[in-house]
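my_file03.cif follows; it contains mmCIF, C-alpha atoms.
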data_protein
#
loop_
_atom_site.label_atom_id
_atom_site.label_comp_id
_atom_site.auth_asym_id
_atom_site.auth_seq_id
_atom_site.Cartn_x
_atom_site.Cartn_y
_atom_site.Cartn_z
CA MET A 1 -13.35 27.23 58.38
CA SER A 2 -10.44 26.74 56.00
CA LEU A 3 -7.48 24.58 56.80
CA SER A 4 -5.18 27.58 56.70
CA SER A 5 -7.09 29.28 59.50
CA SER A 6 -7.07 26.16 61.63
CA ILE A 7 -3.29 26.26 62.11
CA VAL A 8 -2.85 27.08 65.78
CA PRO A 9 -0.12 29.70 66.30
CA PHE A 10 2.49 29.08 68.97
CA GLY A 11 4.66 32.10 69.32
CA GLY A 12 5.75 34.59 66.66
CA ALA A 13 7.62 32.03 64.56
CA SER A 14 4.51 29.89 64.32
CA MET A 15 2.45 32.88 63.26
CA GLN A 16 4.95 33.69 60.53
CA LEU A 17 5.00 30.06 59.36
CA SER A 18 1.21 30.06 59.25
CA ARG A 19 1.18 33.12 57.00
CA VAL A 20 3.77 31.51 54.67
CA LEU A 21 1.96 28.18 54.41
CA ALA A 22 -1.56 29.55 54.12
CA PRO A 23 -1.53 30.16 50.31
CA PHE A 24 -0.14 26.68 49.61
CA VAL A 25 -2.63 24.96 51.91
CA SER A 26 -5.51 26.81 50.30
CA GLN A 27 -4.30 25.80 46.87
CA ALA A 28 -4.10 22.16 48.00
CA VAL A 29 -7.67 22.33 49.32
CA ARG A 30 -8.92 23.68 46.01
CA ALA A 31 -7.04 20.94 44.15
CA LEU A 32 -8.56 18.26 46.38
CA GLY A 33 -12.01 19.69 45.80
CA THR A 34 -11.50 19.70 42.03
CA ARG A 35 -10.22 16.13 42.13
CA SER A 36 -13.28 15.04 44.12
CA VAL A 37 -15.57 16.64 41.52
CA LEU A 38 -13.66 14.94 38.68
CA GLN A 39 -13.81 11.57 40.41
CA SER A 40 -17.53 11.99 41.05
CA THR A 41 -18.11 12.93 37.40
CA ALA A 42 -16.05 9.96 36.17
CA ALA A 43 -17.95 7.61 38.45
CA SER A 44 -21.30 8.96 37.21
CA ALA A 45 -20.16 8.56 33.60
CA ALA A 46 -19.09 4.99 34.27
CA LEU A 47 -22.50 4.18 35.77
CA ALA A 48 -24.25 5.81 32.83
CA GLN A 49 -22.22 3.86 30.28
CA PRO A 50 -24.39 1.38 28.32
CA GLN A 51 -23.88 -2.24 29.25
CA GLY A 52 -21.76 -4.25 26.84
CA GLN A 53 -19.77 -1.23 25.65
CA PRO A 54 -15.97 -1.47 26.08
CA SER A 55 -14.58 0.93 28.66
CA ASP A 56 -12.04 3.54 27.70
CA TRP A 57 -9.88 3.41 30.82
CA PHE A 58 -6.92 2.45 28.69
CA VAL A 59 -5.36 4.70 26.07
CA VAL A 60 -5.18 3.19 22.59
CA ARG A 61 -2.41 4.68 20.53
CA SER A 62 -2.92 5.34 16.83
CA GLU A 63 -1.09 2.20 15.73
CA GLU A 64 -3.56 -0.01 17.65
CA ARG A 65 -6.57 1.42 15.83
CA LEU A 66 -8.11 -0.22 12.78
CA ASP A 67 -7.53 2.82 10.57
CA VAL A 68 -4.24 2.97 8.69
CA PRO A 69 -1.72 5.34 10.29
CA HIS A 70 0.80 7.43 8.37
CA THR A 71 4.00 5.78 7.23
CA PRO A 72 7.25 6.46 9.07
CA HIS A 73 8.39 8.63 6.15
CA GLU A 74 5.67 11.15 6.96
CA GLU A 75 5.89 11.27 10.74
CA GLU A 76 7.90 9.89 13.63
CA PRO A 77 8.07 6.07 13.62
CA ILE A 78 6.17 4.17 16.27
CA PHE A 79 9.27 2.27 17.34
CA GLU A 80 12.67 3.94 17.37
CA SER A 81 14.77 0.80 17.56
CA HIS A 82 17.18 -1.29 15.53
CA HIS A 83 15.67 -4.53 16.82
CA SER A 84 14.53 -6.37 13.70
CA SER A 85 11.18 -7.56 15.09
CA GLN A 86 10.31 -4.03 16.28
CA ARG A 87 11.24 -2.54 12.91
CA PHE A 88 9.05 -5.12 11.22
CA ALA A 89 6.20 -4.31 13.60
CA ASN A 90 6.67 -0.65 12.81
CA ALA A 91 6.34 -1.28 9.09
CA LEU A 92 3.32 -3.49 9.61
CA SER A 93 1.58 -0.53 11.21
CA ALA A 94 1.12 0.78 7.67
CA ILE A 95 -0.53 -2.41 6.44
CA ARG A 96 -1.86 -5.04 8.78
CA THR A 97 -1.13 -8.73 8.52
CA THR A 98 -4.73 -9.87 8.24
CA TYR A 99 -6.47 -12.90 6.83
CA PRO A 100 -9.69 -13.09 4.80
CA GLU A 101 -12.94 -14.30 6.30
CA SER A 102 -12.77 -17.44 4.16
CA VAL A 103 -9.66 -18.54 6.10
CA TRP A 104 -11.45 -18.27 9.43
CA GLY A 105 -14.46 -20.04 7.98
CA LYS A 106 -12.24 -23.03 7.17
CA VAL A 107 -10.83 -23.09 10.70
CA MET A 108 -14.19 -22.59 12.44
CA SER A 109 -15.74 -25.48 10.50
CA LEU A 110 -13.39 -27.81 12.40
CA PHE A 111 -14.93 -26.78 15.73
CA PRO A 112 -18.71 -26.64 15.24
CA ASN A 113 -19.50 -27.07 18.97
CA ARG A 114 -17.27 -24.30 20.30
CA SER A 115 -20.26 -22.37 21.67
CA LYS A 116 -20.99 -25.22 24.10
CA GLN A 117 -17.42 -25.93 25.15
CA ARG A 118 -14.70 -23.39 24.45
CA PRO A 119 -11.74 -25.06 22.73
CA ILE A 120 -8.24 -24.00 23.74
CA ALA A 121 -6.10 -22.41 21.03
CA VAL A 122 -2.38 -21.73 21.43
CA ASP A 123 -1.24 -19.04 19.00
CA ILE A 124 2.53 -19.44 18.75
CA ALA A 125 4.67 -16.46 17.72
CA VAL A 126 1.75 -14.06 18.07
CA GLY A 127 3.82 -11.25 16.53
CA SER A 128 3.27 -7.53 16.65
CA GLU A 129 -0.46 -7.47 17.38
CA GLY A 130 -1.75 -10.99 17.85
CA ARG A 131 -4.48 -10.46 15.27
CA ALA A 132 -4.94 -14.19 14.80
CA GLY A 133 -5.40 -14.64 18.54
CA VAL A 134 -7.92 -11.81 18.64
CA GLU A 135 -9.88 -13.36 15.77
CA LEU A 136 -9.92 -16.75 17.50
CA ALA A 137 -11.03 -15.21 20.80
CA LYS A 138 -13.86 -13.39 19.04
CA ARG A 139 -15.01 -16.71 17.63
CA GLY A 140 -15.30 -18.55 20.92
CA PHE A 141 -11.80 -19.90 21.61
CA ARG A 142 -9.88 -19.58 24.83
CA VAL A 143 -6.60 -18.23 23.46
CA ILE A 144 -3.09 -18.46 24.88
CA GLY A 145 -0.51 -16.38 23.01
CA VAL A 146 3.19 -17.27 23.05
CA GLU A 147 5.86 -14.77 21.98
CA ALA A 148 9.56 -14.50 22.80
CA ASP A 149 9.73 -10.73 22.27
CA ALA A 150 8.24 -8.96 25.30
CA THR A 151 7.84 -5.70 23.34
CA LEU A 152 5.68 -7.37 20.72
CA LEU A 153 3.74 -9.14 23.47
CA ALA A 154 2.94 -5.81 25.11
CA ARG A 155 1.68 -4.55 21.76
CA THR A 156 -0.55 -7.62 21.47
CA PHE A 157 -1.85 -6.92 24.96
CA ARG A 158 -2.91 -3.40 23.98
CA PHE A 159 -4.43 -4.55 20.71
CA ALA A 160 -6.52 -7.22 22.47
CA GLN A 161 -7.73 -4.63 24.98
CA ALA A 162 -8.68 -2.26 22.20
CA HIS A 163 -10.89 -4.95 20.70
CA ASN A 164 -12.38 -6.06 24.01
CA THR A 165 -11.01 -9.61 23.80
CA HIS A 166 -9.40 -11.80 26.44
CA ILE A 167 -6.08 -13.45 25.56
CA GLN A 168 -3.68 -15.00 28.04
CA LEU A 169 -0.10 -14.11 27.13
CA ILE A 170 3.24 -15.61 28.10
CA THR A 171 6.77 -14.66 27.17
CA ALA A 172 8.57 -17.80 26.01
CA LYS A 173 10.46 -19.22 23.08
CA VAL A 174 8.16 -20.69 20.47
CA GLU A 175 10.14 -23.95 20.59
CA HIS A 176 9.65 -24.20 24.37
CA SER A 177 6.38 -22.61 25.44
CA MET A 178 6.41 -23.82 29.08
CA LEU A 179 2.84 -25.13 28.77
CA HIS A 180 1.63 -28.56 29.85
CA ASP A 181 1.50 -31.48 27.40
CA SER A 182 -1.72 -32.16 25.45
CA VAL A 183 -3.61 -29.01 26.46
CA ALA A 184 -4.58 -27.48 23.12
CA ASP A 185 -7.35 -28.29 20.67
CA LEU A 186 -5.74 -25.96 18.12
CA VAL A 187 -2.20 -24.67 17.61
CA SER A 188 -1.72 -21.86 15.09
CA PHE A 189 1.33 -20.44 13.34
CA MET A 190 0.16 -17.40 11.39
CA HIS A 191 2.95 -16.19 9.11
CA GLY A 192 5.66 -17.15 11.58
CA LEU A 193 6.69 -20.77 11.14
CA HIS A 194 9.39 -19.97 8.55
CA LEU A 195 11.03 -17.50 10.95
CA VAL A 196 11.83 -20.04 13.68
CA ASP A 197 13.46 -23.46 14.00
CA THR A 198 10.70 -25.23 12.09
CA PRO A 199 11.33 -28.87 13.18
CA ARG A 200 11.54 -27.88 16.86
CA ALA A 201 8.49 -25.63 16.58
CA LEU A 202 6.49 -28.48 15.01
CA GLY A 203 7.65 -30.76 17.80
CA GLU A 204 6.41 -28.25 20.36
CA ALA A 205 3.06 -27.98 18.57
CA HIS A 206 2.75 -31.78 18.58
CA ARG A 207 3.47 -31.85 22.32
CA LEU A 208 0.86 -29.19 23.08
CA LEU A 209 -1.96 -30.69 21.04
CA LYS A 210 -4.51 -33.07 22.45
CA PRO A 211 -5.05 -36.39 20.63
CA GLY A 212 -6.61 -35.53 17.28
CA GLY A 213 -5.78 -31.86 17.71
CA VAL A 214 -5.41 -29.49 14.75
CA LEU A 215 -2.38 -27.53 13.58
CA VAL A 216 -3.01 -24.48 11.39
CA ALA A 217 -0.21 -22.78 9.49
CA ALA A 218 -0.81 -19.82 7.19
CA TRP A 219 1.24 -17.36 5.19
CA ASN A 220 0.51 -14.25 3.14
CA ASP A 221 2.50 -14.50 -0.10
CA ARG A 222 2.66 -12.23 -3.10
CA ASP A 223 0.37 -13.44 -5.88
CA LEU A 224 2.78 -14.41 -8.66
CA SER A 225 -0.04 -14.64 -11.20
CA HIS A 226 -0.66 -10.88 -11.02
CA ASP A 227 1.06 -8.69 -13.63
CA PHE A 228 2.18 -6.08 -11.11
CA VAL A 229 3.71 -8.73 -8.83
CA ASP A 230 5.44 -10.30 -11.84
CA GLU A 231 7.11 -6.96 -12.65
CA LEU A 232 7.97 -6.40 -8.99
CA GLU A 233 9.58 -9.84 -8.71
CA GLU A 234 11.60 -9.20 -11.87
CA LEU A 235 12.88 -6.03 -10.26
CA PHE A 236 13.89 -8.00 -7.13
CA GLU A 237 15.74 -10.59 -9.18
CA ARG A 238 17.48 -7.95 -11.27
CA CYS A 239 18.73 -6.03 -8.23
CA ASN A 240 19.66 -9.10 -6.17
CA PRO A 241 21.07 -12.04 -8.20
CA HIS A 242 20.68 -14.35 -5.20
CA TYR A 243 16.95 -13.73 -4.94
CA CYS A 244 14.49 -16.32 -6.33
CA ARG A 245 10.79 -15.53 -6.29
CA HIS A 246 9.75 -19.18 -5.95
CA SER A 247 11.87 -19.71 -2.83
CA LYS A 248 9.77 -17.05 -1.08
CA GLN A 249 6.50 -18.87 -1.74
CA ARG A 250 5.02 -21.12 0.96
CA ASP A 251 2.97 -23.32 -1.33
CA LEU A 252 2.04 -26.99 -1.23
CA ASP A 253 5.12 -28.12 -3.15
CA SER A 254 7.59 -26.39 -0.85
CA TRP A 255 5.86 -26.79 2.51
CA GLY A 256 3.47 -29.72 2.35
CA GLN A 257 6.18 -32.35 2.79
CA ARG A 258 8.07 -30.20 5.31
CA LEU A 259 5.03 -29.97 7.59
CA GLU A 260 4.48 -33.73 7.45
CA GLN A 261 8.16 -34.56 7.95
CA GLY A 262 8.76 -36.78 10.95
CA GLY A 263 5.30 -38.29 10.84
CA MET A 264 3.88 -36.06 13.59
CA PHE A 265 1.19 -34.47 11.40
CA LYS A 266 -0.96 -35.41 8.45
CA LEU A 267 -2.12 -32.76 5.99
CA LYS A 268 -5.91 -32.62 5.94
CA GLU A 269 -6.47 -29.61 3.67
CA TYR A 270 -4.58 -27.01 1.70
CA SER A 271 -6.29 -23.93 0.26
CA VAL A 272 -5.39 -20.57 -1.27
CA HIS A 273 -7.40 -17.41 -0.55
CA ALA A 274 -7.20 -14.04 -2.27
CA ASN A 275 -6.09 -11.43 0.25
CA PRO A 276 -5.22 -8.06 -1.34
CA MET A 277 -3.80 -5.61 1.17
CA PRO A 278 -4.35 -1.84 0.98
CA MET A 279 -1.27 0.30 0.50
CA LYS A 280 -1.37 4.04 0.98
CA ASN A 281 1.25 4.75 -1.68
CA ALA A 282 4.61 3.59 -3.01
CA VAL A 283 6.36 4.72 0.17
CA ALA A 284 4.24 2.31 2.22
CA LEU A 285 5.46 -0.56 0.03
CA LEU A 286 9.07 0.59 0.45
CA ASP A 287 8.60 0.53 4.23
CA ILE A 288 7.62 -3.13 4.03
CA LEU A 289 10.43 -4.03 1.64
CA ASP A 290 12.91 -2.35 3.96
CA CYS A 291 12.27 -5.13 6.47
CA MET A 292 12.95 -7.90 3.96
CA SER A 293 16.41 -9.44 4.20
CA PHE A 294 16.84 -9.71 0.42
CA VAL A 295 16.53 -5.92 0.27
CA ARG A 296 17.97 -4.68 3.55
CA ALA A 297 21.04 -6.94 3.64
CA ALA A 298 21.85 -7.03 -0.08
CA LEU A 299 21.32 -3.47 -1.31
CA ARG A 300 23.41 -0.57 -0.05
CA GLY A 301 24.20 2.97 -1.07
CA GLU A 302 23.60 3.77 -4.73
CA GLU A 303 22.15 0.30 -5.40
CA ARG A 304 19.53 0.90 -2.72
CA ARG A 305 18.63 4.34 -4.05
CA THR A 306 18.23 2.91 -7.55
CA PHE A 307 16.04 0.11 -6.20
CA ASN A 308 13.81 2.53 -4.29
CA ASN A 309 13.40 4.74 -7.34
CA ASP A 310 12.56 1.75 -9.54
CA VAL A 311 9.93 0.51 -7.08
CA ARG A 312 8.37 3.94 -6.83
CA ALA A 313 8.35 4.32 -10.63
CA LEU A 314 6.71 0.90 -11.05
CA VAL A 315 3.96 1.66 -8.54
CA GLU A 316 3.25 5.12 -9.94
CA ARG A 317 3.21 3.85 -13.51
CA ARG A 318 0.67 1.19 -12.52
CA TYR A 319 -1.45 2.97 -9.92
CA GLY A 320 -0.45 6.63 -9.86
CA ARG A 321 0.54 8.35 -6.63
CA GLY A 322 -2.49 7.32 -4.62
CA GLY A 323 -3.43 4.15 -2.82
CA PHE A 324 -3.50 0.70 -4.36
CA GLN A 325 -4.02 -2.96 -3.48
CA LEU A 326 -0.96 -5.16 -3.10
CA PRO A 327 -1.95 -8.53 -4.60
CA LEU A 328 -1.43 -11.13 -1.87
CA GLU A 329 -2.89 -14.55 -1.29
CA THR A 330 -3.13 -16.53 1.94
CA LYS A 331 -1.79 -20.10 1.87
CA LEU A 332 -3.62 -22.15 4.49
CA PHE A 333 -2.44 -25.56 5.75
CA ILE A 334 -4.63 -27.59 8.08
CA LEU A 335 -2.99 -30.63 9.65
CA GLU A 336 -4.03 -33.24 12.19
CA LYS A 337 -1.89 -34.64 14.97
CA VAL A 338 -1.03 -38.24 14.08
CA HIS A 339 0.56 -39.81 17.14
CA GLU A 340 -1.80 -39.79 20.08
CA GLY A 341 0.06 -38.25 23.01
CA THR A 342 -0.77 -38.62 26.68
CA PRO A 343 -4.28 -37.27 27.36
CA ALA A 344 -4.38 -34.09 29.40
CA ASP A 345 -5.31 -34.22 33.08
CA PRO A 346 -8.58 -32.27 33.42
CA ALA A 347 -7.43 -31.00 36.83
CA HIS A 348 -4.39 -29.27 35.33
CA THR A 349 -4.38 -25.71 34.10
CA PRO A 350 -2.60 -25.23 30.77
CA PHE A 351 0.27 -23.44 32.48
CA LYS A 352 2.97 -25.09 34.52
CA PRO A 353 2.38 -23.57 37.98
CA HIS A 354 5.87 -22.16 38.55
CA HIS A 355 5.88 -20.47 35.15
CA MET A 356 2.29 -19.28 35.14
CA GLU A 357 2.04 -15.66 34.11
CA SER A 358 -1.04 -14.00 32.65
CA LEU A 359 -1.49 -10.35 31.86
CA PHE A 360 -5.20 -10.64 32.59
CA LYS A 361 -7.11 -11.25 35.81
CA ALA A 362 -8.75 -14.64 36.12
#
For the file at hand, write its structure as structure tokens.
Amino acid sequence: MSLSSSIVPFGGASMQLSRVLAPFVSQAVRALGTRSVLQSTAASAALAQPQGQPSDWFVVRSEERLDVPHTPHEEEPIFESHHSSQRFANALSAIRTTYPESVWGKVMSLFPNRSKQRPIAVDIAVGSEGRAGVELAKRGFRVIGVEADATLLARTFRFAQAHNTHIQLITAKVEHSMLHDSVADLVSFMHGLHLVDTPRALGEAHRLLKPGGVLVAAWNDRDLSHDFVDELEELFERCNPHYCRHSKQRDLDSWGQRLEQGGMFKLKEYSVHANPMPMKNAVALLDILDCMSFVRAALRGEERRTFNNDVRALVERRYGRGGFQLPLETKLFILEKVHEGTPADPAHTPFKPHHMESLFKA
């Protein structure tokens, strides 16, 4: 017996109400039945899913996938915002800030026993996707990501999910992470240390590291030895008289002493790794340059149009209108904490209890 027929009439008004409601009640019953079938099918599919395969309960947008999405010039941008960090994240959707395997090999060699006891890594200023944190988590680290921009942190959360990795995330300033003292075996700044108050950020890294802990700082710089980069840098200097190509390089001469300043860290190793990045076309390069202050702030109107045309002409003269490799190199600094801080209490969690906030279940 259907639900519509089970409505007990009570007088003429009730009979009329029953006739009015009957079609809607029947439709609701059919909807409930369909939902039950869908739920049963979903449950069966979940049980049939091979063990070890990541579930697809979350929706991964195109910008979280490993394939290169279209540039904002060809479709709607991922972020529609004037916030500088979001605009930069939007541009980086065209080319990812990644690091070559040789960089991770250098870092992993410092922790040969990580399979027996998972070291704790704090990735400070995780950025738009937290790729460094994801790489560390894949390689056996317990990773805590710190980022002041909640929008970028949410993007990191989705990216970590998409790659089936576990990263604990907190929203905090990089100079004041709200973590306990001496909790980390490794602190990493991947292409972010020059964007913050460097002395305070180094002080925070020193506070977080255990005695003998390791600080890793890395940057992706344009390879000045490459002919294409040389022509590109000449174009920058011609269009912006205040621009100097060497001031944009994070090499040993410019950053070695800065990282050791204050006596908190001692440089153990410096290395340079080839890291060409795929570009879809000249427009993809212009998207990246649009986020650079020496372009965005200095060039306006006709000057900007001339600059864009010159960049496009340079790329097409060199590589045609198709894809090409932007010659980059990763500068890797590995430093050791010098002053032995107070050893961490094994009973403490890395988070201060009243600030503890993780986006993952324990």
Polymer residues at most 10 Å from stretch 267-271 of chain A, all atoms listed in the file, same-chain spacing of 3 or more positions, as a short mmCIF file (atom, residue, chain, number, x, y, z; two decimals) with C-alpha atoms, keeping the file's coordinate frame:
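The new file out-v5.cif reads:
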data_model
loop_
_atom_site.label_atom_id
_atom_site.label_comp_id
_atom_site.auth_asym_id
_atom_site.auth_seq_id
_atom_site.Cartn_x
_atom_site.Cartn_y
_atom_site.Cartn_z
CA SER A 102 -12.77 -17.44 4.16
CA VAL A 103 -9.66 -18.54 6.10
CA LYS A 106 -12.24 -23.03 7.17
CA VAL A 214 -5.41 -29.49 14.75
CA LEU A 215 -2.38 -27.53 13.58
CA VAL A 216 -3.01 -24.48 11.39
CA ALA A 217 -0.21 -22.78 9.49
CA ALA A 218 -0.81 -19.82 7.19
CA ASP A 251 2.97 -23.32 -1.33
CA LEU A 252 2.04 -26.99 -1.23
CA GLY A 256 3.47 -29.72 2.35
CA GLN A 257 6.18 -32.35 2.79
CA LEU A 259 5.03 -29.97 7.59
CA GLU A 260 4.48 -33.73 7.45
CA THR A 330 -3.13 -16.53 1.94
CA LYS A 331 -1.79 -20.10 1.87
CA LEU A 332 -3.62 -22.15 4.49
CA PHE A 333 -2.44 -25.56 5.75
CA ILE A 334 -4.63 -27.59 8.08
CA LEU A 335 -2.99 -30.63 9.65
CA GLU A 336 -4.03 -33.24 12.19
CA LYS A 337 -1.89 -34.64 14.97
CA VAL A 338 -1.03 -38.24 14.08
#
Completion exercise
Pairwise distance, atom CA of A:Gly262 with atom CA of A:Ala132, equals 26.7 Å
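Between atom CA of A:Pro119 and atom CA of A:Met264 there is a distance of 21.2 Å.
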Problem - Neighbours of point (23.3, -3.5, -6.0) within 6 Å, using all atoms listed in the file, written as a list in words - result: Cys239, Leu299 and Glu303 of chain A
Practice task
Excluding A:Glu231 and residues on its chain fewer than 6 positions from it, collect all residues at most 12 Å away from it, counting all atoms listed in the file, and give them as a list of chain:residue names.
Solution key: A:Arg222, A:Asp223, A:Leu224, A:Ser225, A:Glu237, A:Arg238, A:Arg245, A:Asp310, A:Val311, A:Ala313, A:Leu314, A:Val315, A:Arg317, A:Arg318
From the block you just saw, export stretch 258-275 of chain A: N, CA and C atoms, as a CSV table (one decimal), in the first residue's frame.
chain,number,residue,atom,x,y,z
A,258,ARG,N,73.8,35.4,4.3
A,258,ARG,CA,72.6,35.8,4.9
A,258,ARG,C,71.9,34.7,5.7
A,259,LEU,N,72.0,33.5,5.2
A,259,LEU,CA,71.5,32.4,6.0
A,259,LEU,C,72.2,32.0,7.2
A,260,GLU,N,73.5,32.3,7.2
A,260,GLU,CA,74.4,32.1,8.4
A,260,GLU,C,74.4,33.2,9.4
A,261,GLN,N,73.8,34.4,9.0
A,261,GLN,CA,73.9,35.6,9.8
A,261,GLN,C,73.2,35.3,11.1
A,262,GLY,N,73.9,35.8,12.2
A,262,GLY,CA,73.4,35.6,13.5
A,262,GLY,C,73.9,34.4,14.2
A,263,GLY,N,74.6,33.5,13.5
A,263,GLY,CA,75.2,32.4,14.1
A,263,GLY,C,74.2,31.2,14.5
A,264,MET,N,73.0,31.3,13.9
A,264,MET,CA,72.0,30.2,14.3
A,264,MET,C,72.2,29.0,13.5
A,265,PHE,N,72.7,29.1,12.2
A,265,PHE,CA,72.9,28.0,11.3
A,265,PHE,C,74.3,28.0,10.7
A,266,LYS,N,74.7,26.8,10.3
A,266,LYS,CA,75.9,26.6,9.6
A,266,LYS,C,75.7,25.9,8.3
A,267,LEU,N,76.2,26.5,7.2
A,267,LEU,CA,75.9,25.9,5.9
A,267,LEU,C,76.7,24.6,5.8
A,268,LYS,N,76.0,23.5,5.5
A,268,LYS,CA,76.6,22.2,5.3
A,268,LYS,C,76.9,21.9,3.8
A,269,GLU,N,75.9,22.3,3.0
A,269,GLU,CA,76.1,22.0,1.5
A,269,GLU,C,75.3,23.0,0.7
A,270,TYR,N,75.8,23.3,-0.4
A,270,TYR,CA,75.1,24.1,-1.4
A,270,TYR,C,75.3,23.4,-2.8
A,271,SER,N,74.2,23.3,-3.5
A,271,SER,CA,74.2,22.6,-4.8
A,271,SER,C,73.2,23.3,-5.8
A,272,VAL,N,73.5,23.1,-7.1
A,272,VAL,CA,72.7,23.6,-8.1
A,272,VAL,C,72.2,22.5,-9.0
A,273,HIS,N,70.9,22.5,-9.3
A,273,HIS,CA,70.3,21.3,-10.0
A,273,HIS,C,69.5,21.9,-11.2
A,274,ALA,N,69.8,21.4,-12.4
A,274,ALA,CA,69.0,21.7,-13.6
A,274,ALA,C,67.5,21.4,-13.4
A,275,ASN,N,66.7,22.3,-13.7
A,275,ASN,CA,65.2,22.1,-13.5
A,275,ASN,C,64.4,22.8,-14.5
